[in-house]
file upload_2.cif (mmCIF, C-alpha atoms (C1' of nucleotides))
data_protein
loop_
_atom_site.label_atom_id
_atom_site.label_comp_id
_atom_site.auth_asym_id
_atom_site.auth_seq_id
_atom_site.Cartn_x
_atom_site.Cartn_y
_atom_site.Cartn_z
CA MET A 1 182.44 1.14 -103.62
CA ALA A 2 180.36 4.25 -103.31
CA TYR A 3 183.49 6.32 -103.40
CA ALA A 4 183.63 5.69 -107.12
CA THR A 5 180.23 7.31 -107.52
CA ALA A 6 181.21 10.26 -105.36
CA LEU A 7 184.31 10.81 -107.49
CA ALA A 8 182.39 10.72 -110.74
CA VAL A 9 179.69 13.03 -109.42
CA LEU A 10 182.04 15.62 -107.95
CA ALA A 11 184.30 15.65 -110.99
CA ASP A 12 182.07 18.04 -112.90
CA PRO A 13 182.87 21.70 -112.08
CA THR A 14 179.32 22.98 -112.39
CA ARG A 15 177.94 20.20 -110.23
CA ARG A 16 180.66 20.79 -107.68
CA GLU A 17 179.74 24.46 -107.61
CA VAL A 18 176.15 23.50 -106.85
CA PHE A 19 177.42 21.29 -104.07
CA GLU A 20 179.63 24.05 -102.69
CA ARG A 21 176.76 26.50 -102.60
CA LEU A 22 174.85 24.08 -100.44
CA ARG A 23 177.77 24.07 -98.09
CA ALA A 24 176.80 27.42 -96.61
CA GLY A 25 173.43 26.01 -95.66
CA PRO A 26 170.25 24.50 -97.12
CA ARG A 27 168.81 26.33 -100.11
CA ALA A 28 165.99 26.13 -102.63
CA VAL A 29 166.69 25.44 -106.28
CA ASN A 30 166.10 29.01 -107.42
CA ALA A 31 168.47 30.34 -104.80
CA ILE A 32 171.17 27.94 -105.96
CA ALA A 33 170.70 28.69 -109.63
CA GLN A 34 170.90 32.41 -108.87
CA GLY A 35 173.97 33.85 -110.64
CA MET A 36 175.01 30.54 -112.10
CA PRO A 37 176.33 30.40 -115.65
CA VAL A 38 173.84 27.64 -116.49
CA SER A 39 170.06 27.47 -116.61
CA ARG A 40 167.83 26.40 -113.74
CA PRO A 41 166.91 23.04 -115.28
CA ALA A 42 170.61 22.28 -115.51
CA VAL A 43 170.89 22.89 -111.78
CA SER A 44 167.91 20.62 -111.19
CA GLN A 45 169.62 17.86 -113.14
CA HIS A 46 172.80 18.27 -111.14
CA LEU A 47 170.82 18.13 -107.91
CA LYS A 48 169.21 14.89 -108.99
CA VAL A 49 172.61 13.34 -109.65
CA LEU A 50 173.91 14.60 -106.32
CA LYS A 51 170.88 13.21 -104.55
CA ASP A 52 171.13 9.80 -106.23
CA ALA A 53 174.76 9.68 -105.14
CA GLY A 54 173.73 10.35 -101.55
CA LEU A 55 175.68 13.58 -101.39
CA VAL A 56 172.62 15.74 -100.90
CA GLU A 57 169.19 15.39 -99.38
CA GLU A 58 165.90 16.98 -100.30
CA ARG A 59 163.00 18.27 -98.28
CA SER A 60 159.77 19.85 -99.45
CA GLU A 61 158.72 23.16 -98.00
CA GLY A 62 155.53 24.28 -99.64
CA VAL A 63 156.12 24.60 -103.32
CA ARG A 64 159.85 24.63 -103.05
CA ARG A 65 162.44 21.90 -102.54
CA ILE A 66 165.15 22.58 -100.05
CA TYR A 67 168.44 20.80 -100.61
CA SER A 68 171.20 20.28 -98.08
CA VAL A 69 174.57 18.54 -97.88
CA ARG A 70 174.88 14.97 -96.59
CA ARG A 71 178.36 14.65 -95.12
CA GLU A 72 177.98 10.89 -94.84
CA GLY A 73 177.94 10.72 -98.61
CA LEU A 74 181.56 11.81 -98.57
CA ALA A 75 182.67 9.37 -95.89
CA GLU A 76 183.67 6.50 -98.15
CA LEU A 77 185.64 8.72 -100.47
CA ARG A 78 187.38 10.22 -97.49
CA HIS A 79 188.33 6.82 -96.14
CA TRP A 80 189.61 5.72 -99.51
CA LEU A 81 191.86 8.76 -99.63
CA ASP A 82 193.01 8.22 -96.06
CA SER A 83 194.01 4.68 -96.93
CA PHE A 84 196.86 6.12 -98.96
CA TRP A 85 198.56 7.37 -95.84
CA GLY A 86 200.37 5.30 -93.29
CA ASP A 87 199.66 1.90 -94.77
CA ALA A 88 201.80 -0.51 -96.73
CA LEU A 89 202.37 2.05 -99.44
CA ASP A 90 205.46 3.53 -97.79
CA ALA A 91 206.95 0.13 -97.13
CA PHE A 92 206.58 -0.95 -100.71
CA LYS A 93 207.92 2.32 -101.98
CA LEU A 94 210.98 2.17 -99.79
CA GLU A 95 211.64 -1.40 -100.70
CA ALA A 96 211.33 -0.61 -104.37
CA GLU A 97 213.72 2.30 -104.08
CA ARG A 98 216.18 0.19 -102.17
CA SER A 99 216.27 -2.50 -104.84
CA TYR A 100 216.53 0.23 -107.41
CA SER A 101 219.57 1.72 -105.67
CA ALA A 102 221.09 -1.73 -105.33
CA LYS A 103 220.80 -2.15 -109.04
CA LYS A 104 222.25 1.28 -109.62
CA LYS A 105 225.38 0.41 -107.69
CA LYS A 106 226.50 -1.80 -110.55
CA GLU A 107 226.48 1.17 -112.91
CA PRO A 108 227.76 4.21 -111.03
CA LYS A 109 226.89 7.54 -112.62
CA MET B 1 192.54 24.29 -106.85
CA ALA B 2 194.44 21.18 -107.78
CA TYR B 3 191.83 19.11 -106.03
CA ALA B 4 189.56 19.75 -108.99
CA THR B 5 192.09 18.15 -111.30
CA ALA B 6 192.55 15.19 -108.97
CA LEU B 7 188.79 14.64 -108.90
CA ALA B 8 188.47 14.75 -112.67
CA VAL B 9 191.43 12.45 -113.18
CA LEU B 10 190.36 9.83 -110.64
CA ALA B 11 186.77 9.83 -111.81
CA ASP B 12 187.49 7.44 -114.68
CA PRO B 13 187.31 3.78 -113.56
CA THR B 14 190.04 2.50 -115.87
CA ARG B 15 192.40 5.29 -114.88
CA ARG B 16 191.66 4.69 -111.24
CA GLU B 17 192.44 1.02 -111.73
CA VAL B 18 195.82 1.98 -113.17
CA PHE B 19 196.38 4.18 -110.16
CA GLU B 20 195.37 1.41 -107.77
CA ARG B 21 197.77 -1.02 -109.38
CA LEU B 22 200.58 1.38 -108.70
CA ARG B 23 199.55 1.40 -105.10
CA ALA B 24 201.18 -1.98 -104.47
CA GLY B 25 204.49 -0.56 -105.63
CA PRO B 26 206.24 0.98 -108.65
CA ARG B 27 205.69 -0.83 -111.93
CA ALA B 28 206.56 -0.62 -115.61
CA VAL B 29 203.88 0.09 -118.20
CA ASN B 30 203.70 -3.47 -119.50
CA ALA B 31 203.28 -4.82 -116.00
CA ILE B 32 200.41 -2.43 -115.36
CA ALA B 33 198.67 -3.17 -118.63
CA GLN B 34 198.96 -6.91 -117.92
CA GLY B 35 195.46 -8.37 -117.62
CA MET B 36 193.75 -5.04 -118.18
CA PRO B 37 190.62 -4.89 -120.32
CA VAL B 38 192.16 -2.12 -122.42
CA SER B 39 195.18 -1.90 -124.68
CA ARG B 40 198.64 -0.83 -123.63
CA PRO B 41 198.49 2.55 -125.41
CA ALA B 42 195.35 3.27 -123.45
CA VAL B 43 197.27 2.65 -120.25
CA SER B 44 200.03 4.94 -121.48
CA GLN B 45 197.49 7.68 -122.06
CA HIS B 46 196.06 7.26 -118.59
CA LEU B 47 199.54 7.39 -117.12
CA LYS B 48 200.21 10.64 -118.91
CA VAL B 49 197.06 12.16 -117.47
CA LEU B 50 197.92 10.90 -114.00
CA LYS B 51 201.43 12.29 -114.31
CA ASP B 52 200.23 15.71 -115.52
CA ALA B 53 197.92 15.81 -112.52
CA GLY B 54 200.83 15.13 -110.20
CA LEU B 55 199.34 11.88 -108.95
CA VAL B 56 202.12 9.75 -110.34
CA GLU B 57 205.81 10.10 -111.07
CA GLU B 58 207.94 8.52 -113.74
CA ARG B 59 211.48 7.23 -113.77
CA SER B 60 213.46 5.70 -116.61
CA GLU B 61 215.16 2.38 -116.03
CA GLY B 62 216.78 1.26 -119.25
CA VAL B 63 214.19 0.97 -121.93
CA ARG B 64 211.29 0.91 -119.52
CA ARG B 65 209.48 3.62 -117.60
CA ILE B 66 208.72 2.92 -113.98
CA TYR B 67 205.72 4.69 -112.54
CA SER B 68 204.92 5.20 -108.89
CA VAL B 69 202.30 6.92 -106.76
CA ARG B 70 202.77 10.49 -105.52
CA ARG B 71 200.80 10.78 -102.29
CA GLU B 72 201.26 14.54 -102.27
CA GLY B 73 199.12 14.72 -105.37
CA LEU B 74 196.19 13.62 -103.23
CA ALA B 75 196.84 16.04 -100.40
CA GLU B 76 194.72 18.92 -101.65
CA LEU B 77 191.77 16.70 -102.40
CA ARG B 78 192.08 15.19 -98.97
CA HIS B 79 192.09 18.59 -97.30
CA TRP B 80 189.10 19.69 -99.30
CA LEU B 81 187.18 16.66 -98.11
CA ASP B 82 188.31 17.19 -94.54
CA SER B 83 187.00 20.73 -94.65
CA PHE B 84 183.49 19.29 -94.67
CA TRP B 85 183.91 18.04 -91.14
CA GLY B 86 183.88 20.08 -88.00
CA ASP B 87 183.64 23.49 -89.60
CA ALA B 88 180.78 25.92 -89.98
CA LEU B 89 178.71 23.38 -91.85
CA ASP B 90 177.08 21.96 -88.74
CA ALA B 91 176.33 25.40 -87.32
CA PHE B 92 174.62 26.53 -90.49
CA LYS B 93 172.69 23.33 -90.76
CA LEU B 94 171.42 23.54 -87.19
CA GLU B 95 170.49 27.15 -87.57
CA ALA B 96 168.62 26.44 -90.78
CA GLU B 97 166.69 23.62 -89.17
CA ARG B 98 165.82 25.81 -86.23
CA SER B 99 164.36 28.54 -88.42
CA TYR B 100 162.57 25.83 -90.33
CA SER B 101 160.93 24.52 -87.17
CA ALA B 102 160.02 28.04 -86.11
CA LYS B 103 158.25 28.51 -89.38
CA LYS B 104 156.47 25.23 -89.01
CA LYS B 105 154.93 26.28 -85.73
CA LYS B 106 152.58 28.59 -87.57
CA GLU B 107 151.17 25.70 -89.58
CA PRO B 108 150.80 22.66 -87.33
CA LYS B 109 150.39 19.31 -89.08
"C1'" DC C 1 138.49 29.17 -110.36
"C1'" DA C 2 142.32 31.76 -112.41
"C1'" DT C 3 146.84 32.97 -112.21
"C1'" DC C 4 151.49 32.86 -110.94
"C1'" DC C 5 155.58 30.87 -109.26
"C1'" DC C 6 158.17 26.73 -108.07
"C1'" DC C 7 160.70 22.98 -110.13
"C1'" DG C 8 161.14 18.31 -112.25
"C1'" DT C 9 161.35 15.90 -116.83
"C1'" DA C 10 161.73 15.05 -122.05
"C1'" DA C 11 163.98 15.62 -126.31
"C1'" DG C 12 167.66 16.87 -128.84
"C1'" DC C 13 172.26 18.94 -129.76
"C1'" DC C 14 177.12 19.20 -129.36
"C1'" DA C 15 181.63 18.79 -127.15
"C1'" DT C 16 184.47 15.98 -124.59
"C1'" DC C 17 186.90 11.90 -123.79
"C1'" DG C 18 188.39 7.16 -123.71
"C1'" DC C 19 189.61 3.49 -126.87
"C1'" DT C 20 191.80 1.29 -130.96
"C1'" DT C 21 195.03 0.81 -134.68
"C1'" DA C 22 199.09 2.34 -136.68
"C1'" DC C 23 203.47 4.31 -136.49
"C1'" DC C 24 208.01 5.83 -134.67
"C1'" DG C 25 211.97 6.67 -131.54
"C1'" DT C 26 214.94 4.41 -128.16
"C1'" DT C 27 217.57 0.89 -125.78
"C1'" DA C 28 219.49 -3.89 -125.20
"C1'" DG C 29 221.43 -8.14 -127.10
"C1'" DC C 30 223.43 -10.92 -130.73
"C1'" DG D 1 224.55 -2.81 -137.60
"C1'" DC D 2 220.15 -5.88 -137.07
"C1'" DT D 3 216.64 -7.14 -134.62
"C1'" DA D 4 213.47 -7.26 -130.99
"C1'" DA D 5 211.18 -5.44 -126.84
"C1'" DC D 6 209.38 -1.28 -124.52
"C1'" DG D 7 206.40 2.46 -124.70
"C1'" DG D 8 204.98 7.26 -126.18
"C1'" DT D 9 202.13 9.74 -129.82
"C1'" DA D 10 198.76 10.64 -133.86
"C1'" DA D 11 194.49 10.03 -136.05
"C1'" DG D 12 190.00 8.76 -136.02
"C1'" DC D 13 185.76 6.85 -134.14
"C1'" DG D 14 181.88 6.13 -130.99
"C1'" DA D 15 179.72 6.82 -126.70
"C1'" DT D 16 178.86 9.40 -122.78
"C1'" DG D 17 177.19 13.40 -120.57
"C1'" DG D 18 176.07 18.22 -119.74
"C1'" DC D 19 173.42 21.98 -121.71
"C1'" DT D 20 169.27 24.28 -123.73
"C1'" DT D 21 164.46 24.89 -124.86
"C1'" DA D 22 159.93 23.38 -124.15
"C1'" DC D 23 156.50 21.48 -121.45
"C1'" DG D 24 153.64 19.93 -117.46
"C1'" DG D 25 152.13 19.35 -112.74
"C1'" DG D 26 151.40 20.90 -108.02
"C1'" DG D 27 150.92 24.39 -104.47
"C1'" DA D 28 150.01 29.31 -103.03
"C1'" DT D 29 147.25 33.68 -103.59
"C1'" DG D 30 143.56 36.73 -105.11
#

call {"tool": "encode", "arguments": {"input": "upload_2.cif", "output": "structure tokens"}}
result
Amino acid sequence: MAYATALAVLADPTRREVFERLRAGPRAVNAIAQGMPVSRPAVSQHLKVLKDAGLVEERSEGVRRIYSVRREGLAELRHWLDSFWGDALDAFKLEAERSYSAKKKKEPK
Amino acid sequence: MAYATALAVLADPTRREVFERLRAGPRAVNAIAQGMPVSRPAVSQHLKVLKDAGLVEERSEGVRRIYSVRREGLAELRHWLDSFWGDALDAFKLEAERSYSAKKKKEPK
DNA sequence: CATCCCCGTAAGCCATCGCTTACCGTTAGC
DNA sequence: GCTAACGGTAAGCGATGGCTTACGGGGATG
């Protein structure tokens, strides 16, 4: 149930912005924090959370840490969302609406 | 940017549980709250949030309110997730790793 | 070795948010 | 009309979590 973690982690706007900035390619912490409305330590904290959730990976290059997106971290969440399409959901919904209409017939208008 | 709302709304475990229970078909509030670790008003509050986010729809049947899932409410979030596959992300990542290797050549080991 | 830049971590503050209890309007049944 | 079930809303509380400032450690450069 890692999709629960992914949801919680990506729910925060600032953290999602950090994640989105990584989308254009790997970057160092300073580069990410550049132009952000929050301080650099705040960005570091968000990166830690993202990393622990498996949404991001870290690599050391000299004195700086390069972060990049891990698509696999999104896989479970994606599958969970996909499971809402084309499964039993439609069947149940239709059935429910049918029984609802059947009931309604007894009280027209 | 409704996907941001969907993320925030589905991030809460209790609220997500409410949402999941609706997945098996439309239900009244009491039925949903049945066996939940929180009170019925709490469920009502979660349903309001879900409804405002467009993830759920409500219908009145006598004295009770029947809630059901709105798949369309998940569409934007789904597309956002999908946009992480097969787009420029891979290209950027490869390019970044290439330049990284090129740099590394100057300092073997 | 001294200095500077990189960045992670600690401590503390404050706002947000989920929960409970209490209350009220509405609909159905007698 | 009375009563009971359903459920939405208000008020208040407590915990969670994101932010800031301050600090410290490790690598590069002279």

call {"tool": "resolve_selection", "arguments": {"input": "upload_2.cif", "expression": "the PyMOL selection byres ((chain A and resi 72) around 12)", "output": "list in words"}}
result
Ala2, Tyr3, Ala6, Ala53, Gly54, Leu55, Val56, Glu57, Val69, Arg70, Arg71, Gly73, Leu74, Ala75, Glu76, Leu77, Arg78 and His79 of chain A; Leu81, Phe84 and Trp85 of chain B

call {"tool": "interface_residues", "arguments": {"input": "upload_2.cif", "of": "chain C", "to": "chain A", "cutoff": "12 Å", "atoms": "all atoms listed in the file", "output": "PyMOL selection string"}}
result
chain C and resi 5-10

call {"tool": "resolve_selection", "arguments": {"input": "upload_2.cif", "expression": "the PyMOL selection byres ((chain C and resi 15) around 10)", "output": "list in words"}}
result
DC13, DC14, DT16 and DC17 of chain C; DG17 and DG18 of chain D

call {"tool": "resolve_selection", "arguments": {"input": "upload_2.cif", "expression": "the PyMOL selection byres ((chain D) within 8 of (chain B))", "output": "list in words"}}
result
DC6, DG7 and DG8 of chain D

call {"tool": "closest_residue", "arguments": {"input": "upload_2.cif", "among": "A:Ile66, A:Ala42, A:Met36, A:Ala31", "to": "chain B", "atoms": "all atoms listed in the file"}}
result
A:Ile66

call {"tool": "closest_residue", "arguments": {"input": "upload_2.cif", "among": "B:Arg59, B:Lys51, B:Arg23, B:Arg15", "to": "chain A", "atoms": "only C-alpha atoms"}}
result
B:Arg23

call {"tool": "residues_around", "arguments": {"input": "upload_2.cif", "residues": "DC30 of chain C", "least_positions_apart": "3", "cutoff": "12 Å", "atoms": "only C-alpha atoms (C1' of nucleotides)", "output": "list in words"}}
result
DG1, DC2, DT3 and DA4 of chain D

call {"tool": "closest_residue", "arguments": {"input": "upload_2.cif", "among": "A:Ala33, A:Val18, A:Met1, A:Leu10", "to": "chain B", "atoms": "all atoms listed in the file"}}
result
A:Leu10

call {"tool": "closest_residue", "arguments": {"input": "upload_2.cif", "among": "B:Ser60, B:Val38, B:Leu50, B:Asp82", "to": "DT20 of chain C", "atoms": "only C-alpha atoms (C1' of nucleotides)"}}
result
B:Val38

call {"tool": "residues_around", "arguments": {"input": "upload_2.cif", "residues": "DT29 of chain D", "least_positions_apart": "4", "cutoff": "12 Å", "atoms": "only C-alpha atoms (C1' of nucleotides)", "output": "PyMOL selection string"}}
result
chain C and resi 1-5

call {"tool": "build_atoms", "arguments": {"input": "upload_2.cif", "residues": "segment 30-57 of chain B", "atoms": "N, CA and C atoms", "output": "PDB file, in the frame of the given file"}}
result
ATOM      1  N   ASN B  30     204.170  -2.138-119.105  1.00  0.00           N
ATOM      2  CA  ASN B  30     203.700  -3.470-119.500  1.00  0.00           C
ATOM      3  C   ASN B  30     203.093  -4.222-118.326  1.00  0.00           C
ATOM      4  N   ALA B  31     203.749  -4.129-117.196  1.00  0.00           N
ATOM      5  CA  ALA B  31     203.280  -4.820-116.000  1.00  0.00           C
ATOM      6  C   ALA B  31     201.901  -4.316-115.585  1.00  0.00           C
ATOM      7  N   ILE B  32     201.704  -3.013-115.726  1.00  0.00           N
ATOM      8  CA  ILE B  32     200.410  -2.430-115.360  1.00  0.00           C
ATOM      9  C   ILE B  32     199.328  -2.884-116.328  1.00  0.00           C
ATOM     10  N   ALA B  33     199.659  -2.837-117.601  1.00  0.00           N
ATOM     11  CA  ALA B  33     198.670  -3.170-118.630  1.00  0.00           C
ATOM     12  C   ALA B  33     198.306  -4.643-118.617  1.00  0.00           C
ATOM     13  N   GLN B  34     199.182  -5.456-118.003  1.00  0.00           N
ATOM     14  CA  GLN B  34     198.960  -6.910-117.920  1.00  0.00           C
ATOM     15  C   GLN B  34     197.595  -7.243-117.323  1.00  0.00           C
ATOM     16  N   GLY B  35     196.764  -7.927-118.110  1.00  0.00           N
ATOM     17  CA  GLY B  35     195.460  -8.370-117.620  1.00  0.00           C
ATOM     18  C   GLY B  35     194.408  -7.281-117.577  1.00  0.00           C
ATOM     19  N   MET B  36     194.728  -6.142-118.134  1.00  0.00           N
ATOM     20  CA  MET B  36     193.750  -5.040-118.180  1.00  0.00           C
ATOM     21  C   MET B  36     192.822  -5.231-119.369  1.00  0.00           C
ATOM     22  N   PRO B  37     191.594  -4.738-119.237  1.00  0.00           N
ATOM     23  CA  PRO B  37     190.620  -4.890-120.320  1.00  0.00           C
ATOM     24  C   PRO B  37     190.862  -3.933-121.482  1.00  0.00           C
ATOM     25  N   VAL B  38     191.861  -3.060-121.336  1.00  0.00           N
ATOM     26  CA  VAL B  38     192.160  -2.120-122.420  1.00  0.00           C
ATOM     27  C   VAL B  38     193.589  -2.320-122.920  1.00  0.00           C
ATOM     28  N   SER B  39     193.872  -1.728-124.049  1.00  0.00           N
ATOM     29  CA  SER B  39     195.180  -1.900-124.680  1.00  0.00           C
ATOM     30  C   SER B  39     196.286  -1.164-123.934  1.00  0.00           C
ATOM     31  N   ARG B  40     197.523  -1.464-124.298  1.00  0.00           N
ATOM     32  CA  ARG B  40     198.640  -0.830-123.630  1.00  0.00           C
ATOM     33  C   ARG B  40     198.719   0.671-123.914  1.00  0.00           C
ATOM     34  N   PRO B  41     198.507   1.100-125.160  1.00  0.00           N
ATOM     35  CA  PRO B  41     198.490   2.550-125.410  1.00  0.00           C
ATOM     36  C   PRO B  41     197.471   3.279-124.536  1.00  0.00           C
ATOM     37  N   ALA B  42     196.360   2.658-124.315  1.00  0.00           N
ATOM     38  CA  ALA B  42     195.350   3.270-123.450  1.00  0.00           C
ATOM     39  C   ALA B  42     195.923   3.501-122.056  1.00  0.00           C
ATOM     40  N   VAL B  43     196.649   2.516-121.569  1.00  0.00           N
ATOM     41  CA  VAL B  43     197.270   2.650-120.250  1.00  0.00           C
ATOM     42  C   VAL B  43     198.289   3.777-120.264  1.00  0.00           C
ATOM     43  N   SER B  44     199.048   3.862-121.348  1.00  0.00           N
ATOM     44  CA  SER B  44     200.030   4.940-121.480  1.00  0.00           C
ATOM     45  C   SER B  44     199.353   6.304-121.395  1.00  0.00           C
ATOM     46  N   GLN B  45     198.225   6.419-122.071  1.00  0.00           N
ATOM     47  CA  GLN B  45     197.490   7.680-122.060  1.00  0.00           C
ATOM     48  C   GLN B  45     197.008   8.025-120.657  1.00  0.00           C
ATOM     49  N   HIS B  46     196.528   7.028-119.963  1.00  0.00           N
ATOM     50  CA  HIS B  46     196.060   7.260-118.590  1.00  0.00           C
ATOM     51  C   HIS B  46     197.227   7.678-117.702  1.00  0.00           C
ATOM     52  N   LEU B  47     198.367   7.057-117.923  1.00  0.00           N
ATOM     53  CA  LEU B  47     199.540   7.390-117.120  1.00  0.00           C
ATOM     54  C   LEU B  47     199.982   8.830-117.360  1.00  0.00           C
ATOM     55  N   LYS B  48     199.858   9.248-118.587  1.00  0.00           N
ATOM     56  CA  LYS B  48     200.210  10.640-118.910  1.00  0.00           C
ATOM     57  C   LYS B  48     199.315  11.617-118.155  1.00  0.00           C
ATOM     58  N   VAL B  49     198.026  11.315-118.170  1.00  0.00           N
ATOM     59  CA  VAL B  49     197.060  12.160-117.470  1.00  0.00           C
ATOM     60  C   VAL B  49     197.355  12.170-115.975  1.00  0.00           C
ATOM     61  N   LEU B  50     197.620  11.012-115.427  1.00  0.00           N
ATOM     62  CA  LEU B  50     197.920  10.900-114.000  1.00  0.00           C
ATOM     63  C   LEU B  50     199.187  11.675-113.660  1.00  0.00           C
ATOM     64  N   LYS B  51     200.162  11.601-114.542  1.00  0.00           N
ATOM     65  CA  LYS B  51     201.430  12.290-114.310  1.00  0.00           C
ATOM     66  C   LYS B  51     201.233  13.814-114.363  1.00  0.00           C
ATOM     67  N   ASP B  52     200.500  14.276-115.378  1.00  0.00           N
ATOM     68  CA  ASP B  52     200.230  15.710-115.520  1.00  0.00           C
ATOM     69  C   ASP B  52     199.477  16.250-114.311  1.00  0.00           C
ATOM     70  N   ALA B  53     198.698  15.391-113.685  1.00  0.00           N
ATOM     71  CA  ALA B  53     197.920  15.810-112.520  1.00  0.00           C
ATOM     72  C   ALA B  53     198.742  15.723-111.238  1.00  0.00           C
ATOM     73  N   GLY B  54     199.969  15.223-111.372  1.00  0.00           N
ATOM     74  CA  GLY B  54     200.830  15.130-110.200  1.00  0.00           C
ATOM     75  C   GLY B  54     200.498  13.965-109.285  1.00  0.00           C
ATOM     76  N   LEU B  55     199.739  13.019-109.783  1.00  0.00           N
ATOM     77  CA  LEU B  55     199.340  11.880-108.950  1.00  0.00           C
ATOM     78  C   LEU B  55     200.312  10.722-109.068  1.00  0.00           C
ATOM     79  N   VAL B  56     201.209  10.843-110.034  1.00  0.00           N
ATOM     80  CA  VAL B  56     202.120   9.750-110.340  1.00  0.00           C
ATOM     81  C   VAL B  56     203.440  10.335-110.797  1.00  0.00           C
ATOM     82  N   GLU B  57     204.533   9.622-110.547  1.00  0.00           N
ATOM     83  CA  GLU B  57     205.810  10.100-111.070  1.00  0.00           C
ATOM     84  C   GLU B  57     206.487   9.002-111.871  1.00  0.00           C
TER      85      GLU B  57
END
